[in-house]
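Student: This is the structure, below, for whatever I ask next.
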Amino acid sequence: MPQFNQDKLKKLKKIDKFLSFFLPNRTRKDRYIANVDDKEILIIAFFLIGDTIMFLPALRTIRKNYPYSRITMVCTKVVQMLLPQQGLIDEFIIVDCPWMAPFNKSKTNIIRFFSKIYKINKKKYDICIDFRGDWRNIFYMNFIKSARKISYSSSGGEYMLTDPIVPNDNIVHYTEEGLYLLHQLGMIIDEDCKFPKLYLSDSDEKIIESFKANELLGDQLIIGLHPGVSASADTRKWDEEKFADLIKGINKSYKNIAFVLFEGPNEKETVECIRRELDEEIRFVVVRESLQRYITLLNACDVIVCNDSGAGHLASAFGIPTVVIFGKADPNTVRPLRDSTYIVSHELECKPCNQHICPLGTNECIKSVTTQEVLSLTLEILKKKLNDNKNSEIIMDC
């Protein structure tokens with residue numbers, strides 16, 4: 001099972017031990033089996049983009065096992081924007097979780113965060129699930145009115161749960177972690193639910209067509225690049241110069257090709273650094289859009305290249321061929337799982353690392369990834385795609 005930041009875990013264990021003397025023990029003595037008659041299900045989803053995508057198979061499994069139940073999700077605004085068209089959640093209750101990046105630990109936000117429990121508790125739930133086993137999530141769930149409270153016992157808080165699920169040490173990926181928890185509750189895991197998938201609507205298809213027409217991209221092979229990361233972390237961000245060299249390398253190998261640079265929040269300078277390095281003859285478009293439109297426009301691309309971030313998970317969930325560049329993280333734990341996703345990662349003794357700043361001061365995990373290895377992999381994917389499509393309009397120079 002994926003590991004928590006050990007420094008934070010030690011602090012939480014101390015708080016957990018103290019509170020265990022004052023809070024009642026809710027743990028049930030019967031088996032961890034969900035009641036098929038449960039009607040109201042609540043999911044605690046304090047996720048970022050990548051987490052949301054990785055737990056999609058678990059959400060889809062719940063919906064398939066309880067097709068007539070009402071599923072409510074307590075989540076951040078980002079999660080709510082990702083899921084409304086997927087048919088998985090009936091109601092969203094939006095909160096700004098203080099321990100989720102970008103962090104807002106102000107006194108006002110903490111009070112607002114816990115006061116949302118009043119709205120949540122306007123219903124009584126049959127099942128409340130947290131997939132992460134995060135003690136802070138479990139503590140929050142302790143105040144929610146639910147007959148069953150289910151999570152992993154990874155970081156403590158077992159006494160606050162009716163059904164603490166013992167982690168399986170053989171589980172290494174978040175997606176498998178979510179499905180394993182549901183399997184322990186007696187839910188059936190369908191084969192088609194084992195990999196994250198997102199689906200476009202008819203209106204999304206029209207937006208893509210309009211974008212291609214407006215940018216004159218209709219007859220070109222489109223390479224999308226997202227050079228930023230969701231949070232400031234040098235150990236996850238590939239150099240802008242290398243992204244620029246990658247674009248130049250692809251452009252030398254193919255004619256009739258265009259590049260789309262996706263710019264997320266606070267990533268203007270990152271994109272500008274790349275733009276300044278590009279030759280005038282290279283055709284590129286910069287996309288600065290809302291999250292909903294950004295998600296849709298990813299599907300205008302034939303291939304995506306990005307850092308280990310939400311972009312890779314989104315593209316992979318849509319089945320877009322995607323190259324993901326990993327730094328500090330262990331790809332076995334958080335990589336996009338679709339066959340159309342390709343990983344570039346170097347094994348180091350210091351990986352995986354939970355720090356935002358490299359403790360060694362080298363950022364070797366991400367800096368050691370070369371332009372040539374990403375270029376070679378991207379060209380290989382493009383060649384395969386062209387062979388599959390038999391697109392005679394795209395001419396290879398090399």
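Residues in the structure tokens are named by chain (A, B, ... in the order shown) and by number from 1 within that chain; ligands are numbered from 1 in the order shown.
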Can you pull out every residue within 9 Å of Ile110 (chain A), counting only C-alpha atoms, but drop anything in the same chain fewer than 5 positions away, and send it as a PDB file with C-alpha atoms, in the first residue's frame?

Tutor:
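The new file selection-v1.pdb reads:
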```pdb
ATOM      1  CA  ASP A  96     -11.872  23.625   1.054  1.00  0.00           C
ATOM      2  CA  CYS A  97      -9.838  21.012   2.917  1.00  0.00           C
ATOM      3  CA  PRO A  98      -7.039  22.661   4.970  1.00  0.00           C
ATOM      4  CA  ASN A 104      -5.394  27.080   3.375  1.00  0.00           C
ATOM      5  CA  LYS A 105      -4.855  26.597   7.097  1.00  0.00           C
ATOM      6  CA  SER A 115     -18.987  23.778   9.972  1.00  0.00           C
TER       7      SER A 115
END
```

Student: Write out as a tab-separated table the residues of region 128-233 of chain A that have any atom within 12 Å of an atom of region 368-388 of chain A, one row each with the nearest atom pair and its distance in Å to one decimal, counting only C-alpha atoms, sorted by chain and then rising number.

Tutor:
```
residue	atom	partner	partner_atom	distance
A:Gln220	CA	A:Leu386	CA	12.0
A:Leu221	CA	A:Leu382	CA	9.1
A:Ile222	CA	A:Leu382	CA	10.3
A:Ile223	CA	A:Leu382	CA	9.4
A:Gly224	CA	A:Thr378	CA	11.4
A:Leu225	CA	A:Thr378	CA	11.5
```

Student: Considering only C-alpha atoms, return as a PyMOL selection string whatever protein or nucleic-acid residues lie within 12 Å of Ile150 (chain A), sequence-local ones (same chain, fewer than 5 positions apart) excluded.

Tutor: chain A and resi 26-28+32-34+41-44+126-134+137-139+141-142+144+157-166+178+181-182+184-185

Student: Keeping only C-alpha atoms, take the residues you just selected and write them out as a PDB file, in the first residue's frame.

Tutor:
```
ATOM      1  CA  ARG A  26     -17.050   2.308  17.078  1.00  0.00           C
ATOM      2  CA  THR A  27     -15.449  -0.822  15.616  1.00  0.00           C
ATOM      3  CA  ARG A  28     -17.893  -3.590  14.746  1.00  0.00           C
ATOM      4  CA  TYR A  32     -16.444  -6.192   6.672  1.00  0.00           C
ATOM      5  CA  ILE A  33     -19.444  -6.784   4.389  1.00  0.00           C
ATOM      6  CA  ALA A  34     -21.611  -3.970   3.035  1.00  0.00           C
ATOM      7  CA  ILE A  41     -23.594   6.445   0.455  1.00  0.00           C
ATOM      8  CA  LEU A  42     -21.144   9.206   1.336  1.00  0.00           C
ATOM      9  CA  ILE A  43     -17.593   9.355  -0.066  1.00  0.00           C
ATOM     10  CA  ILE A  44     -14.865  11.500   1.462  1.00  0.00           C
ATOM     11  CA  ASP A 126     -25.757   4.036   5.515  1.00  0.00           C
ATOM     12  CA  ILE A 127     -22.122   3.939   4.359  1.00  0.00           C
ATOM     13  CA  CYS A 128     -19.342   6.522   4.599  1.00  0.00           C
ATOM     14  CA  ILE A 129     -16.045   5.681   2.845  1.00  0.00           C
ATOM     15  CA  ASP A 130     -12.582   7.225   2.857  1.00  0.00           C
ATOM     16  CA  PHE A 131     -10.202   5.510   0.432  1.00  0.00           C
ATOM     17  CA  ARG A 132      -6.950   6.998   1.711  1.00  0.00           C
ATOM     18  CA  GLY A 133      -6.765   5.866   5.332  1.00  0.00           C
ATOM     19  CA  ASP A 134      -5.623   9.376   6.243  1.00  0.00           C
ATOM     20  CA  ASN A 137     -10.011  12.279   6.977  1.00  0.00           C
ATOM     21  CA  ILE A 138     -11.073   9.675   9.537  1.00  0.00           C
ATOM     22  CA  PHE A 139     -11.252  12.323  12.282  1.00  0.00           C
ATOM     23  CA  MET A 141     -15.639  11.386   9.265  1.00  0.00           C
ATOM     24  CA  ASN A 142     -16.020  10.768  13.016  1.00  0.00           C
ATOM     25  CA  ILE A 144     -20.639  12.473  10.245  1.00  0.00           C
ATOM     26  CA  GLY A 157      -8.000   6.065  14.071  1.00  0.00           C
ATOM     27  CA  GLU A 158      -9.363   2.506  14.007  1.00  0.00           C
ATOM     28  CA  TYR A 159     -11.585   3.250  17.028  1.00  0.00           C
ATOM     29  CA  MET A 160     -13.397   5.966  15.016  1.00  0.00           C
ATOM     30  CA  LEU A 161     -14.334   3.453  12.282  1.00  0.00           C
ATOM     31  CA  THR A 162     -16.980   0.760  12.299  1.00  0.00           C
ATOM     32  CA  ASP A 163     -14.993  -1.097   9.629  1.00  0.00           C
ATOM     33  CA  PRO A 164     -11.234  -0.489   9.750  1.00  0.00           C
ATOM     34  CA  ILE A 165      -9.689  -2.256   6.756  1.00  0.00           C
ATOM     35  CA  VAL A 166      -6.225  -3.682   7.319  1.00  0.00           C
ATOM     36  CA  GLY A 178      -9.325   1.638  -3.711  1.00  0.00           C
ATOM     37  CA  LEU A 181     -11.038  -1.795   0.067  1.00  0.00           C
ATOM     38  CA  LEU A 182     -14.309  -2.318  -1.805  1.00  0.00           C
ATOM     39  CA  GLN A 184     -13.150  -6.341   1.456  1.00  0.00           C
ATOM     40  CA  LEU A 185     -16.692  -4.991   1.763  1.00  0.00           C
TER      41      LEU A 185
END
```

Student: One decimal, in Å: what's the spacing between CA of Ile49 (chain A) and CA of Glu215 (chain A)?

Tutor: 27.3 Å

Student: CA of Leu48 (chain A) and CA of Ile111 (chain A), how far apart in Å?

Tutor: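 Separation between CA of Ile111 (chain A) and CA of Leu48 (chain A): 21.6 Å.
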
Student: Enumerate, as a VMD selection string, the complete set of residues in region 187-360 of chain A that a backbone-based DSSP assignment places in alpha helix (DSSP H).

Tutor: chain A and resid 202 to 214 240 to 253 268 to 277 291 to 298 310 to 317 331 to 334

Student: Please report the interatomic distance between CA of Phe113 (chain A) and CA of Arg148 (chain A) in Å with one decimal.

Tutor: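 Going from CA of Phe113 (chain A) over to CA of Arg148 (chain A) covers 22.1 Å.
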
Student: Tyr125 (chain A): which residues within 10 Å, counting only C-alpha atoms, same-chain residues fewer than 2 positions away excluded, as an mmCIF file with all heavy atoms, in the first residue's frame?

Tutor:
```cif
data_model
loop_
_atom_site.group_PDB
_atom_site.id
_atom_site.type_symbol
_atom_site.label_atom_id
_atom_site.label_comp_id
_atom_site.auth_asym_id
_atom_site.auth_seq_id
_atom_site.Cartn_x
_atom_site.Cartn_y
_atom_site.Cartn_z
ATOM 1 N N ASP A 38 -28.307 -0.819 1.498
ATOM 2 C CA ASP A 38 -27.904 0.554 1.808
ATOM 3 C C ASP A 38 -28.330 1.493 0.687
ATOM 4 O O ASP A 38 -28.161 1.197 -0.484
ATOM 5 C CB ASP A 38 -26.390 0.634 1.998
ATOM 6 C CG ASP A 38 -25.950 -0.044 3.281
ATOM 7 O OD1 ASP A 38 -26.755 -0.128 4.215
ATOM 8 O OD2 ASP A 38 -24.804 -0.492 3.336
ATOM 9 N N LYS A 39 -28.882 2.651 1.067
ATOM 10 C CA LYS A 39 -29.429 3.581 0.081
ATOM 11 C C LYS A 39 -28.632 4.888 -0.014
ATOM 12 O O LYS A 39 -28.554 5.482 -1.069
ATOM 13 C CB LYS A 39 -30.888 3.917 0.412
ATOM 14 C CG LYS A 39 -31.811 2.706 0.401
ATOM 15 C CD LYS A 39 -31.894 2.066 -0.963
ATOM 16 C CE LYS A 39 -32.873 0.909 -0.953
ATOM 17 N NZ LYS A 39 -32.908 0.201 -2.254
ATOM 18 N N GLU A 40 -28.074 5.336 1.098
ATOM 19 C CA GLU A 40 -27.347 6.605 1.111
ATOM 20 C C GLU A 40 -25.859 6.324 1.349
ATOM 21 O O GLU A 40 -25.482 5.788 2.384
ATOM 22 C CB GLU A 40 -27.879 7.539 2.201
ATOM 23 C CG GLU A 40 -29.290 8.050 1.955
ATOM 24 C CD GLU A 40 -29.347 9.111 0.849
ATOM 25 O OE1 GLU A 40 -28.279 9.612 0.451
ATOM 26 O OE2 GLU A 40 -30.460 9.434 0.404
ATOM 27 N N ILE A 41 -25.045 6.691 0.371
ATOM 28 C CA ILE A 41 -23.594 6.445 0.455
ATOM 29 C C ILE A 41 -22.871 7.780 0.390
ATOM 30 O O ILE A 41 -23.152 8.609 -0.477
ATOM 31 C CB ILE A 41 -23.134 5.533 -0.696
ATOM 32 C CG1 ILE A 41 -23.857 4.179 -0.627
ATOM 33 C CG2 ILE A 41 -21.621 5.327 -0.652
ATOM 34 C CD1 ILE A 41 -23.583 3.270 -1.807
ATOM 35 N N LEU A 42 -21.951 7.983 1.308
ATOM 36 C CA LEU A 42 -21.144 9.206 1.336
ATOM 37 C C LEU A 42 -19.682 8.840 1.110
ATOM 38 O O LEU A 42 -19.158 7.913 1.721
ATOM 39 C CB LEU A 42 -21.292 9.916 2.686
ATOM 40 C CG LEU A 42 -20.568 11.264 2.799
ATOM 41 C CD1 LEU A 42 -21.272 12.321 1.960
ATOM 42 C CD2 LEU A 42 -20.487 11.713 4.254
ATOM 43 N N ARG A 70 -28.192 6.443 -3.660
ATOM 44 C CA ARG A 70 -27.791 7.833 -3.869
ATOM 45 C C ARG A 70 -26.380 8.009 -3.319
ATOM 46 O O ARG A 70 -26.113 7.715 -2.157
ATOM 47 C CB ARG A 70 -28.761 8.791 -3.191
ATOM 48 C CG ARG A 70 -28.417 10.267 -3.429
ATOM 49 C CD ARG A 70 -29.501 11.187 -2.925
ATOM 50 N NE ARG A 70 -29.145 12.581 -3.136
ATOM 51 C CZ ARG A 70 -29.295 13.232 -4.298
ATOM 52 N NH1 ARG A 70 -29.802 12.581 -5.328
ATOM 53 N NH2 ARG A 70 -28.953 14.498 -4.411
ATOM 54 N N ILE A 71 -25.483 8.513 -4.171
ATOM 55 C CA ILE A 71 -24.083 8.660 -3.789
ATOM 56 C C ILE A 71 -23.751 10.146 -3.679
ATOM 57 O O ILE A 71 -23.905 10.903 -4.638
ATOM 58 C CB ILE A 71 -23.157 7.985 -4.813
ATOM 59 C CG1 ILE A 71 -23.499 6.498 -4.935
ATOM 60 C CG2 ILE A 71 -21.690 8.161 -4.402
ATOM 61 C CD1 ILE A 71 -22.714 5.769 -6.013
ATOM 62 N N THR A 72 -23.330 10.550 -2.496
ATOM 63 C CA THR A 72 -22.926 11.934 -2.226
ATOM 64 C C THR A 72 -21.419 11.965 -2.023
ATOM 65 O O THR A 72 -20.852 11.061 -1.409
ATOM 66 C CB THR A 72 -23.638 12.474 -0.977
ATOM 67 O OG1 THR A 72 -25.053 12.382 -1.159
ATOM 68 C CG2 THR A 72 -23.262 13.919 -0.703
ATOM 69 N N ILE A 120 -23.677 18.410 5.752
ATOM 70 C CA ILE A 120 -23.530 16.985 5.446
ATOM 71 C C ILE A 120 -24.519 16.161 6.263
ATOM 72 O O ILE A 120 -25.157 15.229 5.757
ATOM 73 C CB ILE A 120 -22.087 16.524 5.730
ATOM 74 C CG1 ILE A 120 -21.100 17.252 4.808
ATOM 75 C CG2 ILE A 120 -21.947 15.013 5.560
ATOM 76 C CD1 ILE A 120 -19.642 17.040 5.186
ATOM 77 N N ASN A 121 -24.679 16.512 7.528
ATOM 78 C CA ASN A 121 -25.503 15.719 8.445
ATOM 79 C C ASN A 121 -27.000 16.005 8.350
ATOM 80 O O ASN A 121 -27.782 15.542 9.187
ATOM 81 C CB ASN A 121 -25.027 15.928 9.888
ATOM 82 C CG ASN A 121 -23.765 15.143 10.189
ATOM 83 O OD1 ASN A 121 -23.445 14.189 9.484
ATOM 84 N ND2 ASN A 121 -23.049 15.535 11.225
ATOM 85 N N LYS A 122 -27.413 16.734 7.322
ATOM 86 C CA LYS A 122 -28.850 16.873 7.085
ATOM 87 C C LYS A 122 -29.454 15.542 6.641
ATOM 88 O O LYS A 122 -30.673 15.363 6.659
ATOM 89 C CB LYS A 122 -29.106 17.958 6.047
ATOM 90 C CG LYS A 122 -28.871 19.366 6.601
ATOM 91 C CD LYS A 122 -29.235 20.434 5.590
ATOM 92 C CE LYS A 122 -29.074 21.816 6.210
ATOM 93 N NZ LYS A 122 -29.415 22.903 5.253
ATOM 94 N N LYS A 123 -28.580 14.629 6.221
ATOM 95 C CA LYS A 123 -28.982 13.251 5.930
ATOM 96 C C LYS A 123 -28.262 12.324 6.896
ATOM 97 O O LYS A 123 -27.222 12.676 7.444
ATOM 98 C CB LYS A 123 -28.583 12.855 4.511
ATOM 99 C CG LYS A 123 -29.243 13.601 3.406
ATOM 100 C CD LYS A 123 -28.705 13.089 2.082
ATOM 101 C CE LYS A 123 -29.207 13.920 0.926
ATOM 102 N NZ LYS A 123 -28.547 13.502 -0.337
ATOM 103 N N ILE A 127 -23.549 4.233 4.522
ATOM 104 C CA ILE A 127 -22.122 3.939 4.359
ATOM 105 C C ILE A 127 -21.375 5.239 4.152
ATOM 106 O O ILE A 127 -21.794 6.092 3.364
ATOM 107 C CB ILE A 127 -21.865 3.023 3.141
ATOM 108 C CG1 ILE A 127 -22.559 1.681 3.303
ATOM 109 C CG2 ILE A 127 -20.378 2.801 2.929
ATOM 110 C CD1 ILE A 127 -22.417 0.792 2.075
ATOM 111 N N CYS A 128 -20.250 5.400 4.832
ATOM 112 C CA CYS A 128 -19.342 6.522 4.599
ATOM 113 C C CYS A 128 -17.947 5.930 4.369
ATOM 114 O O CYS A 128 -17.462 5.137 5.189
ATOM 115 C CB CYS A 128 -19.336 7.478 5.786
ATOM 116 S SG CYS A 128 -18.309 8.940 5.533
ATOM 117 N N ILE A 144 -19.582 12.650 11.237
ATOM 118 C CA ILE A 144 -20.639 12.473 10.245
ATOM 119 C C ILE A 144 -21.597 11.366 10.688
ATOM 120 O O ILE A 144 -21.164 10.325 11.186
ATOM 121 C CB ILE A 144 -20.023 12.146 8.865
ATOM 122 C CG1 ILE A 144 -19.252 13.369 8.350
ATOM 123 C CG2 ILE A 144 -21.093 11.727 7.868
ATOM 124 C CD1 ILE A 144 -18.448 13.103 7.103
ATOM 125 N N LYS A 145 -22.875 11.579 10.481
ATOM 126 C CA LYS A 145 -23.892 10.594 10.866
ATOM 127 C C LYS A 145 -23.961 9.488 9.814
ATOM 128 O O LYS A 145 -24.549 9.668 8.752
ATOM 129 C CB LYS A 145 -25.250 11.269 11.002
ATOM 130 C CG LYS A 145 -25.333 12.299 12.126
ATOM 131 C CD LYS A 145 -26.702 12.967 12.142
ATOM 132 C CE LYS A 145 -26.792 14.013 13.235
ATOM 133 N NZ LYS A 145 -28.116 14.714 13.202
ATOM 134 N N SER A 146 -23.369 8.367 10.113
ATOM 135 C CA SER A 146 -23.382 7.234 9.195
ATOM 136 C C SER A 146 -23.346 5.933 9.988
ATOM 137 O O SER A 146 -22.603 5.816 10.972
ATOM 138 C CB SER A 146 -22.174 7.300 8.250
ATOM 139 O OG SER A 146 -22.164 6.206 7.376
ATOM 140 N N ALA A 147 -24.129 4.967 9.542
ATOM 141 C CA ALA A 147 -24.178 3.676 10.235
ATOM 142 C C ALA A 147 -22.858 2.924 10.101
ATOM 143 O O ALA A 147 -22.436 2.239 11.036
ATOM 144 C CB ALA A 147 -25.328 2.834 9.679
ATOM 145 N N ARG A 148 -22.232 3.017 8.946
ATOM 146 C CA ARG A 148 -20.946 2.357 8.715
ATOM 147 C C ARG A 148 -19.922 3.410 8.318
ATOM 148 O O ARG A 148 -20.179 4.240 7.440
ATOM 149 C CB ARG A 148 -21.060 1.302 7.599
ATOM 150 C CG ARG A 148 -22.179 0.282 7.763
ATOM 151 C CD ARG A 148 -21.868 -0.816 8.755
ATOM 152 N NE ARG A 148 -20.780 -1.682 8.362
ATOM 153 C CZ ARG A 148 -20.930 -2.878 7.779
ATOM 154 N NH1 ARG A 148 -22.140 -3.304 7.452
ATOM 155 N NH2 ARG A 148 -19.887 -3.644 7.525
ATOM 156 N N LYS A 149 -18.769 3.357 8.948
ATOM 157 C CA LYS A 149 -17.667 4.274 8.629
ATOM 158 C C LYS A 149 -16.459 3.427 8.295
ATOM 159 O O LYS A 149 -15.971 2.671 9.139
ATOM 160 C CB LYS A 149 -17.385 5.209 9.803
ATOM 161 C CG LYS A 149 -18.579 6.091 10.140
ATOM 162 C CD LYS A 149 -18.270 7.098 11.237
ATOM 163 C CE LYS A 149 -19.494 7.960 11.516
ATOM 164 N NZ LYS A 149 -19.214 9.021 12.515
#
```

Student: Residues near region 291-300 of chain A, anyone? I mean within 8 Å using only C-alpha atoms, not counting same-chain ones fewer than 4 positions away, as a PyMOL selection string.

Tutor: chain A and resi 81-82+200+204+207-208+211-212+222+224+262+287+304+314-315+318+320

Student: I need the chosen residues saved as a CSV table (one decimal), in the first residue's frame, with N, CA, C and O atoms.

Tutor:
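Ended up saving to again-v1.csv:
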```
chain,number,residue,atom,x,y,z
A,81,MET,N,-15.4,19.5,-10.5
A,81,MET,CA,-15.4,19.9,-11.9
A,81,MET,C,-15.0,18.7,-12.8
A,81,MET,O,-15.3,18.7,-14.0
A,82,LEU,N,-14.4,17.7,-12.3
A,82,LEU,CA,-13.9,16.6,-13.1
A,82,LEU,C,-15.0,15.5,-13.3
A,82,LEU,O,-15.0,14.9,-14.4
A,200,LEU,N,-16.1,11.6,-23.1
A,200,LEU,CA,-16.5,12.9,-23.6
A,200,LEU,C,-18.0,13.0,-23.9
A,200,LEU,O,-18.6,11.9,-24.2
A,204,ASP,N,-18.6,18.3,-25.8
A,204,ASP,CA,-17.1,18.3,-25.7
A,204,ASP,C,-16.6,18.1,-27.2
A,204,ASP,O,-15.6,18.8,-27.5
A,207,ILE,N,-16.7,21.3,-29.0
A,207,ILE,CA,-15.7,22.2,-28.6
A,207,ILE,C,-14.3,21.9,-29.2
A,207,ILE,O,-13.6,22.8,-29.7
A,208,ILE,N,-14.0,20.6,-29.3
A,208,ILE,CA,-12.7,20.2,-29.9
A,208,ILE,C,-12.7,20.5,-31.4
A,208,ILE,O,-11.7,21.1,-31.9
A,211,PHE,N,-12.2,24.3,-31.7
A,211,PHE,CA,-10.8,24.7,-31.4
A,211,PHE,C,-9.9,24.4,-32.6
A,211,PHE,O,-9.1,25.2,-33.0
A,212,LYS,N,-10.0,23.2,-33.2
A,212,LYS,CA,-9.1,22.9,-34.3
A,212,LYS,C,-9.4,23.8,-35.5
A,212,LYS,O,-8.4,24.2,-36.2
A,222,ILE,N,-1.1,16.7,-33.9
A,222,ILE,CA,-1.0,17.7,-32.8
A,222,ILE,C,-0.4,17.0,-31.6
A,222,ILE,O,-0.8,16.0,-31.1
A,224,GLY,N,0.5,17.7,-27.7
A,224,GLY,CA,0.2,18.5,-26.5
A,224,GLY,C,1.3,18.3,-25.5
A,224,GLY,O,1.8,17.2,-25.3
A,262,PHE,N,-0.1,23.6,-22.9
A,262,PHE,CA,-1.1,23.9,-21.9
A,262,PHE,C,-0.5,24.6,-20.7
A,262,PHE,O,0.4,24.1,-20.1
A,287,VAL,N,-2.6,27.3,-24.7
A,287,VAL,CA,-4.0,27.1,-24.2
A,287,VAL,C,-4.0,27.6,-22.7
A,287,VAL,O,-3.3,27.0,-21.9
A,304,ILE,N,0.3,13.3,-25.9
A,304,ILE,CA,0.6,14.3,-24.8
A,304,ILE,C,1.9,13.9,-24.1
A,304,ILE,O,2.2,12.7,-23.9
A,314,LEU,N,-5.3,12.6,-16.6
A,314,LEU,CA,-6.4,12.9,-17.4
A,314,LEU,C,-6.3,12.4,-18.9
A,314,LEU,O,-7.2,11.7,-19.4
A,315,ALA,N,-5.1,12.6,-19.5
A,315,ALA,CA,-4.9,12.2,-20.8
A,315,ALA,C,-5.0,10.6,-20.9
A,315,ALA,O,-5.6,10.1,-21.9
A,318,PHE,N,-8.5,9.3,-20.9
A,318,PHE,CA,-9.2,9.4,-22.2
A,318,PHE,C,-8.6,8.5,-23.2
A,318,PHE,O,-9.1,8.5,-24.4
A,320,ILE,N,-5.6,8.7,-24.6
A,320,ILE,CA,-4.6,9.4,-25.4
A,320,ILE,C,-3.2,8.9,-25.2
A,320,ILE,O,-2.8,8.8,-24.0
```

Student: For Lys367 (chain A), work out the shell of residues within 10 Å, counting only C-alpha atoms and skipping chain neighbours fewer than 4 positions away, then give it as a JSON list (two decimals) with C-alpha atoms, in the first residue's frame.

Tutor:
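Full text of result_7.json as output:
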```json
[["chain", "number", "residue", "atom", "x", "y", "z"],
["A", 234, "ASP", "CA", 11.32, 21.11, -8.38],
["A", 235, "THR", "CA", 11.58, 17.35, -7.92],
["A", 236, "ARG", "CA", 8.67, 16.81, -10.33],
["A", 237, "LYS", "CA", 9.27, 19.51, -12.93],
["A", 238, "TRP", "CA", 11.37, 18.78, -16.02],
["A", 239, "ASP", "CA", 13.48, 21.71, -17.26],
["A", 242, "LYS", "CA", 14.47, 20.31, -22.29],
["A", 327, "GLY", "CA", 10.99, 12.65, -10.82],
["A", 346, "HIS", "CA", 15.20, 6.71, -13.35],
["A", 362, "THR", "CA", 20.53, 17.96, -6.48],
["A", 363, "ASN", "CA", 17.08, 17.21, -7.95]]
```

Student: Kindly indicate which residue among A:Lys248, A:Lys197, A:Arg136, A:Lys64 lies nearest to Ser151 (chain A), using only C-alpha atoms for the distances.

Tutor: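 Among A:Lys248, A:Lys197, A:Arg136, A:Lys64, it is A:Arg136 that comes nearest to Ser151 (chain A).
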
Student: As a VMD selection string, which residues of region 15-170 of chain A does DSSP assign to strand (DSSP E or B)?

Tutor: chain A and resid 40 to 45 70 to 75 91 to 94 125 to 130 146 to 152 163 to 165
